[in-house]
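Chemist: Structure file coords-v1.txt, compact mmCIF, C-alpha atoms and all ligand atoms, is pasted below:
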# COMPACT_ATOMS: atom_id res chain seq x y z
CA MET A 1 -76.54 -7.27 14.68
CA ARG A 2 -72.86 -6.81 15.66
CA ARG A 3 -71.55 -3.33 16.40
CA VAL A 4 -68.19 -2.71 14.70
CA THR A 5 -65.63 0.10 14.78
CA ILE A 6 -62.75 0.47 12.34
CA PHE A 7 -59.59 2.37 13.24
CA GLY A 8 -57.58 3.30 10.16
CA ALA A 9 -60.69 2.86 8.00
CA THR A 10 -59.15 4.80 5.10
CA GLY A 11 -56.06 2.58 4.88
CA SER A 12 -55.39 -0.69 3.13
CA ILE A 13 -56.55 -2.84 6.07
CA GLY A 14 -59.48 -0.53 6.80
CA GLN A 15 -60.71 -0.60 3.22
CA ALA A 16 -60.47 -4.40 3.05
CA THR A 17 -62.45 -4.59 6.32
CA ILE A 18 -65.09 -2.24 4.93
CA ASP A 19 -65.31 -4.37 1.80
CA LEU A 20 -66.19 -7.41 3.92
CA ILE A 21 -68.64 -5.55 6.14
CA ALA A 22 -70.40 -3.82 3.25
CA ARG A 23 -71.15 -7.21 1.70
CA ARG A 24 -73.26 -8.17 4.73
CA PRO A 25 -75.30 -5.04 5.50
CA GLY A 26 -77.82 -6.89 7.70
CA ASP A 27 -75.13 -8.30 10.01
CA PHE A 28 -73.23 -5.21 11.16
CA ARG A 29 -73.93 -1.78 12.58
CA VAL A 30 -70.98 0.59 12.22
CA VAL A 31 -70.21 2.62 15.33
CA ALA A 32 -67.04 4.58 14.50
CA LEU A 33 -64.81 4.95 11.46
CA THR A 34 -61.49 6.73 11.89
CA GLY A 35 -58.91 8.00 9.44
CA GLY A 36 -56.15 10.51 9.03
CA ARG A 37 -55.68 12.81 6.03
CA ASN A 38 -57.97 11.00 3.59
CA VAL A 39 -61.11 12.81 4.71
CA ALA A 40 -62.92 12.30 1.40
CA GLN A 41 -62.71 8.50 1.76
CA LEU A 42 -63.64 8.66 5.44
CA ALA A 43 -66.75 10.73 4.73
CA GLU A 44 -67.76 8.56 1.78
CA ASP A 45 -67.53 5.37 3.84
CA ALA A 46 -69.20 6.92 6.87
CA ARG A 47 -72.17 7.83 4.68
CA ALA A 48 -72.26 4.49 2.86
CA LEU A 49 -72.12 2.51 6.11
CA ASN A 50 -74.24 4.99 8.07
CA ALA A 51 -71.64 5.22 10.84
CA GLU A 52 -72.46 6.80 14.17
CA ILE A 53 -69.28 8.91 14.18
CA ALA A 54 -66.36 9.69 11.85
CA VAL A 55 -63.08 10.76 13.43
CA THR A 56 -59.98 12.15 11.78
CA ALA A 57 -56.69 12.08 13.67
CA HIS A 58 -55.89 15.63 12.56
CA ASP A 59 -57.58 18.72 14.04
CA ASP A 60 -57.00 20.74 10.89
CA ALA A 61 -58.90 18.17 8.82
CA LEU A 62 -62.08 18.52 10.89
CA PRO A 63 -63.67 21.43 8.95
CA GLU A 64 -63.45 19.45 5.70
CA LEU A 65 -64.85 16.32 7.37
CA ARG A 66 -67.77 18.36 8.78
CA GLU A 67 -68.43 19.90 5.38
CA ARG A 68 -68.42 16.53 3.65
CA LEU A 69 -70.83 15.06 6.18
CA ALA A 70 -73.11 18.10 6.34
CA GLY A 71 -76.75 17.13 6.15
CA SER A 72 -76.10 13.62 7.54
CA ARG A 73 -76.70 12.63 11.15
CA ILE A 74 -73.12 11.37 11.45
CA GLU A 75 -71.13 12.93 14.29
CA THR A 76 -67.63 14.22 13.57
CA ALA A 77 -64.58 14.71 15.74
CA ALA A 78 -60.78 15.08 15.50
CA GLY A 79 -57.58 14.47 17.42
CA GLU A 80 -56.13 11.81 19.71
CA ALA A 81 -58.66 12.38 22.49
CA ALA A 82 -61.47 11.88 19.97
CA LEU A 83 -59.88 8.60 18.83
CA VAL A 84 -59.81 7.43 22.44
CA GLU A 85 -63.42 8.49 22.91
CA ALA A 86 -64.39 6.56 19.76
CA ALA A 87 -62.57 3.50 21.12
CA ALA A 88 -64.66 3.67 24.28
CA ARG A 89 -67.98 3.65 22.39
CA PRO A 90 -69.56 0.24 22.91
CA ALA A 91 -68.70 -2.09 20.04
CA ASP A 92 -68.55 -5.88 19.77
CA TRP A 93 -65.63 -5.94 17.34
CA ILE A 94 -62.96 -3.32 16.71
CA MET A 95 -60.37 -3.30 13.95
CA SER A 96 -57.02 -1.80 15.00
CA GLY A 97 -55.87 -0.73 11.52
CA ILE A 98 -53.95 2.48 12.20
CA VAL A 99 -50.37 2.34 10.93
CA GLY A 100 -47.45 2.88 13.34
CA ALA A 101 -47.18 3.55 17.05
CA ALA A 102 -50.21 5.87 16.81
CA GLY A 103 -52.35 2.72 16.97
CA LEU A 104 -51.34 1.90 20.53
CA VAL A 105 -53.37 4.42 22.55
CA PRO A 106 -56.72 3.86 20.76
CA GLY A 107 -56.09 0.10 20.95
CA LEU A 108 -55.54 0.23 24.71
CA ALA A 109 -58.70 2.34 25.08
CA ALA A 110 -60.66 -0.23 23.06
CA LEU A 111 -59.42 -3.09 25.26
CA LYS A 112 -60.76 -1.30 28.33
CA GLN A 113 -64.31 -1.95 27.17
CA GLY A 114 -63.62 -5.70 27.12
CA THR A 115 -64.34 -6.00 23.41
CA THR A 116 -62.81 -8.14 20.66
CA LEU A 117 -59.87 -6.30 19.16
CA ALA A 118 -58.68 -7.44 15.74
CA LEU A 119 -55.04 -6.42 15.79
CA ALA A 120 -53.59 -5.44 12.42
CA ASN A 121 -51.49 -2.74 14.09
CA LYS A 122 -48.47 -4.89 14.87
CA GLU A 123 -46.65 -1.91 16.37
CA SER A 124 -48.91 -2.11 19.47
CA LEU A 125 -47.50 -5.50 20.44
CA VAL A 126 -43.95 -4.60 19.45
CA CYS A 127 -43.92 -1.31 21.40
CA ALA A 128 -45.86 -2.43 24.41
CA GLY A 129 -46.66 -6.14 24.25
CA ALA A 130 -46.81 -6.72 28.01
CA LEU A 131 -49.04 -3.69 28.50
CA VAL A 132 -51.46 -4.65 25.71
CA LEU A 133 -51.74 -8.24 26.92
CA ALA A 134 -52.22 -7.16 30.54
CA GLU A 135 -54.93 -4.69 29.55
CA ALA A 136 -56.73 -7.35 27.50
CA LYS A 137 -56.60 -9.76 30.43
CA ALA A 138 -57.67 -7.19 33.02
CA HIS A 139 -60.79 -6.28 31.05
CA GLY A 140 -61.68 -9.71 29.65
CA ALA A 141 -61.05 -8.50 26.09
CA THR A 142 -60.22 -10.85 23.21
CA LEU A 143 -57.22 -10.13 20.98
CA LEU A 144 -57.27 -11.65 17.51
CA PRO A 145 -54.32 -11.48 15.12
CA VAL A 146 -54.83 -9.97 11.67
CA ASP A 147 -51.32 -10.00 10.25
CA SER A 148 -51.54 -12.83 7.71
CA GLU A 149 -48.66 -14.77 9.29
CA HIS A 150 -50.06 -14.49 12.80
CA SER A 151 -53.56 -15.35 11.67
CA ALA A 152 -52.03 -18.39 9.97
CA VAL A 153 -50.27 -19.46 13.18
CA PHE A 154 -53.43 -18.80 15.20
CA GLN A 155 -55.43 -21.00 12.83
CA ALA A 156 -52.82 -23.77 12.91
CA LEU A 157 -52.99 -23.75 16.71
CA VAL A 158 -56.75 -24.24 17.02
CA GLY A 159 -57.29 -27.22 19.34
CA GLU A 160 -53.56 -27.68 19.93
CA ASP A 161 -51.60 -27.67 23.18
CA MET A 162 -49.00 -24.86 23.20
CA GLY A 163 -46.71 -27.22 25.11
CA ALA A 164 -46.48 -29.36 21.97
CA VAL A 165 -45.27 -26.47 19.80
CA GLU A 166 -41.57 -26.69 18.94
CA ARG A 167 -41.27 -23.83 16.50
CA VAL A 168 -43.12 -21.26 14.48
CA ILE A 169 -41.91 -20.33 11.00
CA LEU A 170 -42.94 -17.02 9.49
CA THR A 171 -42.54 -16.67 5.75
CA ALA A 172 -41.34 -13.49 4.03
CA SER A 173 -41.76 -12.67 0.37
CA GLY A 174 -38.51 -10.68 0.42
CA GLY A 175 -40.35 -7.60 -0.87
CA ALA A 176 -39.45 -5.48 -3.85
CA PHE A 177 -35.68 -6.07 -3.62
CA ARG A 178 -35.36 -9.75 -2.91
CA ASP A 179 -33.26 -10.39 -6.00
CA TRP A 180 -31.33 -7.11 -6.09
CA PRO A 181 -27.55 -7.21 -5.55
CA LEU A 182 -26.44 -5.60 -2.27
CA GLU A 183 -24.56 -2.75 -4.03
CA LYS A 184 -27.74 -1.71 -5.84
CA LEU A 185 -29.76 -1.70 -2.60
CA ALA A 186 -27.80 1.28 -1.30
CA ARG A 187 -29.27 3.40 -4.13
CA ALA A 188 -32.82 2.05 -3.95
CA THR A 189 -35.49 4.78 -3.99
CA PRO A 190 -38.67 5.00 -1.89
CA ALA A 191 -40.78 4.56 -5.04
CA GLU A 192 -38.93 1.34 -5.91
CA ALA A 193 -39.28 0.03 -2.35
CA ALA A 194 -43.00 0.83 -2.29
CA SER A 195 -43.83 -1.61 -5.07
CA HIS A 196 -44.57 -5.08 -3.68
CA PRO A 197 -44.36 -8.11 -5.98
CA ASN A 198 -47.28 -10.02 -4.34
CA TRP A 199 -49.23 -8.04 -1.74
CA ASP A 200 -51.24 -4.85 -2.17
CA MET A 201 -50.63 -2.96 1.11
CA GLY A 202 -50.08 0.53 2.53
CA THR A 203 -46.88 2.36 1.50
CA ARG A 204 -45.10 2.12 4.86
CA ILE A 205 -45.56 -1.62 5.35
CA THR A 206 -44.58 -2.22 1.71
CA ILE A 207 -41.25 -0.43 2.22
CA ASP A 208 -40.82 -2.31 5.51
CA SER A 209 -41.33 -5.53 3.56
CA ALA A 210 -38.43 -4.63 1.24
CA SER A 211 -36.11 -3.93 4.20
CA LEU A 212 -37.51 -6.94 6.13
CA PHE A 213 -38.26 -4.58 9.02
CA ASN A 214 -41.86 -5.72 8.59
CA LYS A 215 -40.77 -9.32 9.23
CA ALA A 216 -38.61 -8.14 12.12
CA LEU A 217 -41.64 -6.47 13.71
CA GLU A 218 -43.62 -9.64 13.07
CA LEU A 219 -41.05 -11.76 14.91
CA VAL A 220 -41.46 -9.60 18.02
CA GLU A 221 -45.23 -9.55 17.52
CA ALA A 222 -45.34 -13.37 17.32
CA ARG A 223 -43.20 -13.73 20.41
CA GLU A 224 -45.60 -11.51 22.35
CA PHE A 225 -48.84 -12.84 20.91
CA PHE A 226 -48.06 -16.54 21.27
CA ASP A 227 -45.72 -16.27 24.28
CA LEU A 228 -42.86 -18.03 22.46
CA ASP A 229 -39.16 -18.12 23.25
CA PRO A 230 -37.14 -16.20 20.65
CA GLY A 231 -35.38 -19.46 19.75
CA GLN A 232 -38.69 -21.00 18.68
CA LEU A 233 -39.15 -18.41 15.93
CA GLU A 234 -37.74 -18.75 12.42
CA VAL A 235 -38.07 -16.79 9.18
CA VAL A 236 -37.81 -18.27 5.70
CA LEU A 237 -37.99 -16.44 2.41
CA HIS A 238 -40.82 -17.69 0.26
CA PRO A 239 -41.13 -15.60 -2.91
CA GLU A 240 -44.55 -16.98 -3.92
CA SER A 241 -46.26 -15.69 -0.72
CA LEU A 242 -48.66 -18.63 -0.71
CA VAL A 243 -47.56 -20.32 2.55
CA HIS A 244 -48.12 -17.68 5.22
CA ALA A 245 -46.68 -19.45 8.26
CA LEU A 246 -45.98 -22.93 9.62
CA VAL A 247 -46.17 -24.41 13.10
CA GLY A 248 -43.88 -27.31 13.99
CA PHE A 249 -44.98 -29.73 16.72
CA ASN A 250 -43.02 -32.10 18.95
CA ASP A 251 -44.08 -35.15 16.89
CA GLY A 252 -42.41 -33.65 13.81
CA ALA A 253 -45.66 -32.50 12.20
CA LEU A 254 -45.48 -29.17 10.39
CA MET A 255 -48.85 -27.47 9.87
CA ALA A 256 -48.81 -24.87 7.09
CA HIS A 257 -51.42 -22.26 6.28
CA VAL A 258 -51.63 -21.87 2.52
CA GLY A 259 -53.68 -19.47 0.38
CA PRO A 260 -53.54 -16.59 -2.08
CA PRO A 261 -52.14 -13.31 -0.75
CA ASP A 262 -55.35 -11.47 0.12
CA MET A 263 -55.70 -9.77 3.50
CA ARG A 264 -59.46 -10.28 3.39
CA HIS A 265 -58.83 -13.87 4.45
CA ALA A 266 -57.12 -12.96 7.74
CA ILE A 267 -59.46 -10.01 8.35
CA GLY A 268 -62.50 -12.17 7.58
CA TYR A 269 -61.26 -14.94 9.85
CA ALA A 270 -61.00 -12.43 12.71
CA LEU A 271 -64.38 -10.92 11.82
CA ASN A 272 -66.15 -14.28 11.83
CA TRP A 273 -64.13 -15.95 14.60
CA PRO A 274 -64.75 -18.44 16.13
CA GLU A 275 -66.81 -19.48 13.09
CA ARG A 276 -65.60 -19.85 9.53
CA ARG A 277 -67.81 -18.23 6.93
CA ASP A 278 -67.66 -17.86 3.18
CA LEU A 279 -65.15 -15.17 2.15
CA PRO A 280 -64.75 -13.49 -1.26
CA VAL A 281 -61.13 -14.59 -1.73
CA ASP A 282 -59.71 -16.62 -4.60
CA ARG A 283 -59.37 -20.34 -3.98
CA LEU A 284 -55.82 -21.54 -4.49
CA ASP A 285 -55.24 -23.73 -7.52
CA LEU A 286 -52.22 -25.77 -6.40
CA VAL A 287 -51.49 -27.07 -9.88
CA ALA A 288 -51.50 -23.55 -11.35
CA ALA A 289 -49.37 -22.35 -8.44
CA GLY A 290 -46.73 -24.94 -9.34
CA ALA A 291 -43.58 -24.92 -7.23
CA LEU A 292 -43.37 -23.46 -3.75
CA THR A 293 -39.82 -22.36 -3.00
CA PHE A 294 -38.09 -21.48 0.26
CA ARG A 295 -34.68 -20.14 1.17
CA GLY A 296 -32.96 -18.88 4.27
CA PRO A 297 -32.69 -15.13 4.85
CA ASP A 298 -29.27 -13.52 4.44
CA GLU A 299 -28.71 -11.35 7.51
CA THR A 300 -26.02 -9.25 5.79
CA ARG A 301 -28.76 -8.13 3.41
CA HIS A 302 -31.39 -8.05 6.13
CA PRO A 303 -29.90 -6.81 9.42
CA ALA A 304 -33.47 -6.05 10.61
CA LEU A 305 -33.91 -9.73 11.51
CA ARG A 306 -30.78 -9.73 13.69
CA LEU A 307 -31.95 -6.55 15.38
CA ALA A 308 -35.35 -8.14 16.09
CA ARG A 309 -33.58 -11.04 17.82
CA GLU A 310 -31.64 -8.58 19.98
CA VAL A 311 -34.89 -6.82 20.87
CA MET A 312 -36.61 -10.09 21.76
CA GLU A 313 -33.69 -11.05 24.02
CA ALA A 314 -33.57 -7.62 25.68
CA GLY A 315 -37.37 -7.44 26.20
CA GLY A 316 -38.95 -4.61 28.21
CA LEU A 317 -39.05 -1.26 26.46
CA SER A 318 -36.53 -2.17 23.77
CA GLY A 319 -39.53 -2.96 21.52
CA ALA A 320 -40.72 0.65 21.90
CA VAL A 321 -37.22 1.84 20.89
CA PHE A 322 -37.19 -0.53 17.92
CA CYS A 323 -40.59 0.57 16.70
CA ALA A 324 -40.04 4.31 17.08
CA ALA A 325 -36.51 4.24 15.66
CA LYS A 326 -37.73 2.23 12.69
CA ASP A 327 -40.60 4.67 12.10
CA ALA A 328 -38.22 7.65 12.24
CA ALA A 329 -35.71 5.93 9.93
CA LEU A 330 -38.51 5.10 7.51
CA ASP A 331 -39.62 8.75 7.50
CA ALA A 332 -36.03 9.80 6.79
CA PHE A 333 -35.81 7.32 3.89
CA ILE A 334 -39.17 8.41 2.45
CA ASP A 335 -38.09 12.08 2.69
CA GLY A 336 -34.83 11.29 0.88
CA ARG A 337 -32.62 12.18 3.88
CA ILE A 338 -31.02 8.72 4.15
CA GLY A 339 -30.54 5.71 1.89
CA PHE A 340 -32.34 2.38 2.02
CA LEU A 341 -29.51 0.55 3.84
CA ASP A 342 -29.09 3.43 6.30
CA MET A 343 -32.44 2.59 7.91
CA ALA A 344 -30.96 -0.44 9.67
CA ARG A 345 -27.87 1.57 10.67
CA VAL A 346 -30.07 4.18 12.31
CA VAL A 347 -32.14 1.62 14.21
CA GLU A 348 -29.08 -0.31 15.37
CA ASP A 349 -27.37 2.89 16.60
CA VAL A 350 -30.50 3.95 18.48
CA LEU A 351 -30.78 0.54 20.13
CA ASP A 352 -27.11 0.81 21.19
CA ARG A 353 -27.41 4.38 22.46
CA THR A 354 -30.54 3.72 24.52
CA ALA A 355 -29.51 0.35 25.97
CA GLY A 356 -29.20 0.63 29.74
CA ARG A 357 -31.05 3.98 29.76
CA LEU A 358 -34.61 2.64 29.61
CA PRO A 359 -37.12 2.64 32.48
CA GLY A 360 -37.75 -0.79 34.01
CA GLU A 361 -41.51 -0.38 34.23
CA MET A 362 -43.81 -0.52 31.21
CA THR A 363 -46.69 1.95 31.38
CA GLN A 364 -48.40 4.03 28.72
CA GLU A 365 -46.24 6.97 29.84
CA THR A 366 -42.89 5.12 29.83
CA VAL A 367 -43.70 3.69 26.40
CA ALA A 368 -44.50 7.18 25.07
CA ASP A 369 -41.37 8.71 26.66
CA THR A 370 -39.18 5.89 25.35
CA ALA A 371 -40.61 6.21 21.85
CA ALA A 372 -40.00 9.98 21.94
CA LEU A 373 -36.40 9.43 23.07
CA ALA A 374 -35.80 6.85 20.33
CA ARG A 375 -37.28 9.16 17.72
CA ARG A 376 -35.03 12.06 18.81
CA GLU A 377 -31.96 9.81 18.68
CA ALA A 378 -32.97 8.42 15.29
CA ASP A 379 -33.55 11.90 13.84
CA ALA A 380 -30.14 13.02 15.13
CA ILE A 381 -28.38 9.98 13.61
CA ALA A 382 -30.26 10.39 10.33
CA GLY A 383 -29.21 14.05 10.32
CA THR A 384 -25.56 13.05 10.72
CA ILE A 385 -25.84 10.54 7.88
CA ALA A 386 -27.55 13.11 5.66
CA ALA A 387 -24.82 15.69 6.36
CA ALA A 388 -21.96 13.26 5.60
P1 LIG B 1 -52.18 2.39 5.50
O1 LIG B 1 -51.07 3.35 5.45
O2 LIG B 1 -52.78 1.91 4.24
O3 LIG B 1 -53.37 3.00 6.39
C1 LIG B 1 -53.11 3.51 7.66
C2 LIG B 1 -54.37 4.04 8.31
O4 LIG B 1 -54.01 4.73 9.52
C3 LIG B 1 -55.10 5.08 7.46
O5 LIG B 1 -56.47 5.05 7.77
C4 LIG B 1 -54.47 6.39 7.94
O6 LIG B 1 -55.28 7.52 7.65
C5 LIG B 1 -54.40 6.11 9.42
N1 LIG B 1 -53.39 6.90 10.10
C6 LIG B 1 -52.15 7.24 9.66
N2 LIG B 1 -51.50 7.94 10.59
C7 LIG B 1 -52.34 8.06 11.65
C8 LIG B 1 -52.24 8.68 12.93
N3 LIG B 1 -51.14 9.33 13.32
N4 LIG B 1 -53.30 8.61 13.77
C9 LIG B 1 -54.43 7.96 13.40
N5 LIG B 1 -54.60 7.36 12.19
C10 LIG B 1 -53.54 7.40 11.34
O7 LIG B 1 -51.68 1.19 6.40
P2 LIG B 1 -52.06 -0.36 6.28
O8 LIG B 1 -53.54 -0.50 6.22
O9 LIG B 1 -51.20 -0.99 5.28
O10 LIG B 1 -51.54 -0.88 7.69
C11 LIG B 1 -52.25 -0.67 8.90
C12 LIG B 1 -51.64 -1.55 9.97
O11 LIG B 1 -51.88 -2.90 9.64
C13 LIG B 1 -50.12 -1.40 10.11
O12 LIG B 1 -49.75 -1.55 11.43
C14 LIG B 1 -49.58 -2.56 9.28
O13 LIG B 1 -48.31 -2.99 9.71
C15 LIG B 1 -50.64 -3.61 9.54
N6 LIG B 1 -50.78 -4.61 8.50
C16 LIG B 1 -51.12 -4.23 7.23
C17 LIG B 1 -51.25 -5.18 6.23
C18 LIG B 1 -51.71 -4.79 4.84
O14 LIG B 1 -51.94 -5.67 4.03
N7 LIG B 1 -51.85 -3.54 4.54
C19 LIG B 1 -50.96 -6.59 6.48
C20 LIG B 1 -50.69 -6.88 7.86
C21 LIG B 1 -50.58 -5.92 8.82
P3 LIG B 1 -55.16 8.34 6.24
O15 LIG B 1 -54.75 7.37 5.20
O16 LIG B 1 -56.56 8.87 6.09
O17 LIG B 1 -54.14 9.43 6.48
What do you get writing this file as structure tokens?
Modeler:
Amino acid sequence: MRRVTIFGATGSIGQATIDLIARRPGDFRVVALTGGRNVAQLAEDARALNAEIAVTAHDDALPELRERLAGSRIETAAGEAALVEAAARPADWIMSGIVGAAGLVPGLAALKQGTTLALANKESLVCAGALVLAEAKAHGATLLPVDSEHSAVFQALVGEDMGAVERVILTASGGAFRDWPLEKLARATPAEAASHPNWDMGTRITIDSASLFNKALELVEAREFFDLDPGQLEVVLHPESLVHALVGFNDGALMAHVGPPDMRHAIGYALNWPERRDLPVDRLDLVAAGALTFRGPDETRHPALRLAREVMEAGGLSGAVFCAAKDAALDAFIDGRIGFLDMARVVEDVLDRTAGRLPGEMTQETVADTAALARREADAIAGTIAAA
């Protein structure tokens, strides 16, 4: 029986992971489930899966969690230290499904036990790619990609020589606003941005899909995960979201990963890796799908992609700046302090202001300090925009 832990169990990725695990009760023993504010869901799943421990990220949510799990033998805990402790509990497979930079510290703690870490939390690799990869190597841990594009690339690379890879193409649906005129984008609301045409995901990643910041993070993530040169990475818009990524080889072959947009495929692939097992996802009917269309991204509409290229070229801690500034800009957009197009302005200004001021060494501390600096700068810039 495999011992599994799920970080971000109450989120979109966490719930899809639980769906897969709950279908095979004899195969898995659940060690830890973690969540944030959604204590009701956390407690319900902890009971249903008979978890060893349920952890909420928020101290003030602990009394409710305790109350909901009263009478069970499930342990409860709260706060960042408790998340780290949960990550250290022996498990064979751990899902990193927390959203945002908050996923980094528990992920690093999980790697220290030399486990298999299924990495949905793309921010870990964007903020601190070198650190995450070094930690995995030092402790003999296995990192598996869960982002659908990165899982697609990973699958296309099975048995291949990385030296034969010419390019990797990530597809982007274009999100909620792909066909909106630029003038209208300036007035787009958070509710409009949070409605994805193809994928059912958490609110933050859905808005990031509309701004293409999600794809920008994925470019940096792919560079780190597959050790690619920035010039080997391309993005194409593909409104149908059926081709998830393509890998081009030096003999001209282009291997595409194609399937319906359902995260349970990528999660299930990571859960069953290195085997393939039956998964409860729809099988693609190519005839019903009809045409697959592709077009190049327009960087005037999507400055996030240009910023990602600058971050990949700069390397070091610029990824931590990018991630934290993007998170702060997204908060400001969700709170109504800035407009949709202002998010990219904020991130670009923060990258400019912090360039040349970043520590050379990447440690957990320098990443945290850099992220805090970027967040302060982003909040200040967002404040200026809001006041104008
Ligand atoms: P959701 O917003 O749906 O869920 C996020 C999870 O993280 C929830 O369990 C939430 O708890 C928890 N959480 C939020 N803030 C904190 C915090 N500060 N500390 C600890 N836990 C916290 O996100 P998604 O599932 O959509 O995304 C998770 C990650 O996976 C992201 O990095 C995303 O980019 C990536 N990803 C997601 C995909 C998807 O289809 N959703 C696809 C590919 C990648 P609660 O809700 O209880 O407050």
Chemist: Find the nearest atom pair between each residue of chain A and ligand LIG 1 (chain B) for residues within 8 Å, count only C-alpha atoms and all ligand atoms, give distances in Å to one decimal, sort rows by chain and ascending number, and present the table as a tab-separated table.
Modeler:
residue	atom	partner	partner_atom	distance
A:Phe7	CA	B:LIG1	O5	6.8
A:Gly8	CA	B:LIG1	O5	3.2
A:Ala9	CA	B:LIG1	O5	4.8
A:Thr10	CA	B:LIG1	O5	3.8
A:Gly11	CA	B:LIG1	O3	3.1
A:Ser12	CA	B:LIG1	O8	3.6
A:Ile13	CA	B:LIG1	O8	3.8
A:Gly14	CA	B:LIG1	O8	6.0
A:Gln15	CA	B:LIG1	O8	7.8
A:Thr34	CA	B:LIG1	O5	6.7
A:Gly35	CA	B:LIG1	O6	4.1
A:Gly36	CA	B:LIG1	O16	3.4
A:Arg37	CA	B:LIG1	O17	3.7
A:Asn38	CA	B:LIG1	O16	3.6
A:Val39	CA	B:LIG1	O16	6.2
A:Gln41	CA	B:LIG1	O16	7.5
A:Leu42	CA	B:LIG1	O16	7.1
A:Thr56	CA	B:LIG1	C9	7.1
A:Ala57	CA	B:LIG1	C9	4.7
A:His58	CA	B:LIG1	N4	7.6
A:Glu80	CA	B:LIG1	N4	7.3
A:Leu83	CA	B:LIG1	C9	7.7
A:Ser96	CA	B:LIG1	C12	7.4
A:Gly97	CA	B:LIG1	C11	4.5
A:Ile98	CA	B:LIG1	O4	3.5
A:Val99	CA	B:LIG1	C13	3.8
A:Gly100	CA	B:LIG1	O12	5.3
A:Ala101	CA	B:LIG1	N3	7.9
A:Ala102	CA	B:LIG1	N3	5.0
A:Gly103	CA	B:LIG1	C9	6.7
A:Leu119	CA	B:LIG1	O11	7.8
A:Ala120	CA	B:LIG1	O11	4.1
A:Asn121	CA	B:LIG1	O12	3.4
A:Lys122	CA	B:LIG1	O12	5.0
A:Glu123	CA	B:LIG1	O12	5.8
A:Val146	CA	B:LIG1	C20	6.4
A:Asp147	CA	B:LIG1	C20	4.0
A:Ser148	CA	B:LIG1	C20	6.0
A:Trp199	CA	B:LIG1	O14	6.8
A:Asp200	CA	B:LIG1	O14	6.3
A:Met201	CA	B:LIG1	N7	3.7
A:Gly202	CA	B:LIG1	O9	3.3
A:Thr203	CA	B:LIG1	O1	5.8
A:Arg204	CA	B:LIG1	O1	6.1
A:Ile205	CA	B:LIG1	O13	5.3
A:Thr206	CA	B:LIG1	O9	7.6
A:Asn214	CA	B:LIG1	O13	7.1
A:Asp262	CA	B:LIG1	O14	7.8
A:Met263	CA	B:LIG1	O14	5.6
Chemist: List as a list of chain:residue names the protein and nucleic acid residues near His150 in chain A, meaning an atom at most 10 Å away when all atoms listed in the file are counted, but skip any in the same chain fewer than 2 places from it.
Modeler: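 After dropping sequence-adjacent residues, the list is A:Leu119, A:Ala120, A:Lys122, A:Leu144, A:Pro145, A:Val146, A:Asp147, A:Ser148, A:Ala152, A:Val153, A:Phe154, A:Gln155, A:Ala156, A:Val168, A:Leu170, A:Glu218, A:Leu219, A:Glu221, A:Ala222, A:Phe225, A:Phe226, A:His244, A:Ala245, A:Leu246, A:Ala266.
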Chemist: Give me, as number ranges by chain, all polymer residues having an atom no more than 8 Å from Val31 in chain A, counting all atoms listed in the file and skipping those fewer than 3 positions away in the same chain.
Modeler: A: 3-5, 51-53, 89-91
Chemist: With all atoms listed in the file as the atoms that count, which of A:Asp282, A:Asp19, A:Asp59, A:Glu64 lies nearest to Ala82 in chain A?
Modeler: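 Closest to Ala82 in chain A, using all atoms listed in the file: A:Asp59.
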Chemist: Which one of A:Ala193, A:Leu242, A:Ala372, A:Met1 sits closest to Ala172 in chain A if you count all atoms listed in the file?
Modeler: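 The shortest atom-to-atom distance to Ala172 in chain A comes from A:Leu242.
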Chemist: Please indicate the distance in Å from CA of Pro260 in chain A to CA of Val243 in chain A, rounded to one decimal place.
Modeler: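 We find that CA of Pro260 in chain A and CA of Val243 in chain A lie 8.4 Å from each other.
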Chemist: Give the centre and edge lengths of an axis-aligned box, in Å to one decimal, that holds all listed atoms of range 155-167 of chain A with 3 Å on each side, as JSON.
Modeler:
{"center_x": -49.3, "center_y": -25.2, "center_z": 19.0, "size_x": 22.0, "size_y": 14.4, "size_z": 18.3}
Chemist: Taking only C-alpha atoms into account, which of A:Leu117, A:Ala191, A:Leu237, A:Leu228 comes nearest Met162 in chain A?
Modeler: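 Ranking A:Leu117, A:Ala191, A:Leu237, A:Leu228 by distance to Met162 in chain A, first place goes to A:Leu228.
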Chemist: I want to know what sits within 9 Å of Gly140 in chain A, based on all atoms listed in the file, with residues of the same chain fewer than 5 positions away left out; could you give that as a ChimeraX atom specification?
Modeler: /A:111-115,135
Chemist: Counting only C-alpha atoms, what is within 9 Å of His302 in chain A, bar same-chain residues fewer than 2 positions away, as a list in words?
Modeler: Ser211, Leu212, Phe213, Pro297, Asp298, Glu299, Thr300, Ala304, Leu305, Arg306 and Ala344 of chain A
Chemist: Could you state the separation of CA of Pro63 in chain A and CA of Ala88 in chain A in Å, given to one decimal place?
Modeler: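 These two atoms are separated by 23.5 Å.
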Chemist: Point out the residue among A:Ala77, A:Val132, A:Val346, A:Cys323 with the least atom-to-atom distance to Pro106 in chain A, counting only C-alpha atoms.
Modeler: A:Val132
Chemist: Restricting the calculation to all atoms listed in the file: of A:Val247, A:Leu286, A:Ile6, A:Val281, which residue gets closest to Val158 in chain A?
Modeler: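 Closest to Val158 in chain A, using all atoms listed in the file: A:Val247.
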Chemist: Between CA of Ile21 in chain A and CA of Arg277 in chain A, what is the spacing in Å?
Modeler: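 About the pair CA of Arg277 in chain A and CA of Ile21 in chain A: they are 12.7 Å apart.
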Chemist: Could you list, as number ranges by chain, every residue within 9 Å of range 324-341 of chain A, counting all atoms listed in the file and ignoring same-chain residues fewer than 6 positions away?
Modeler: A: 100-101, 127, 185-191, 193, 204, 207-208, 211, 213, 301, 347-348, 350-351, 370-379, 382-383, 385-387
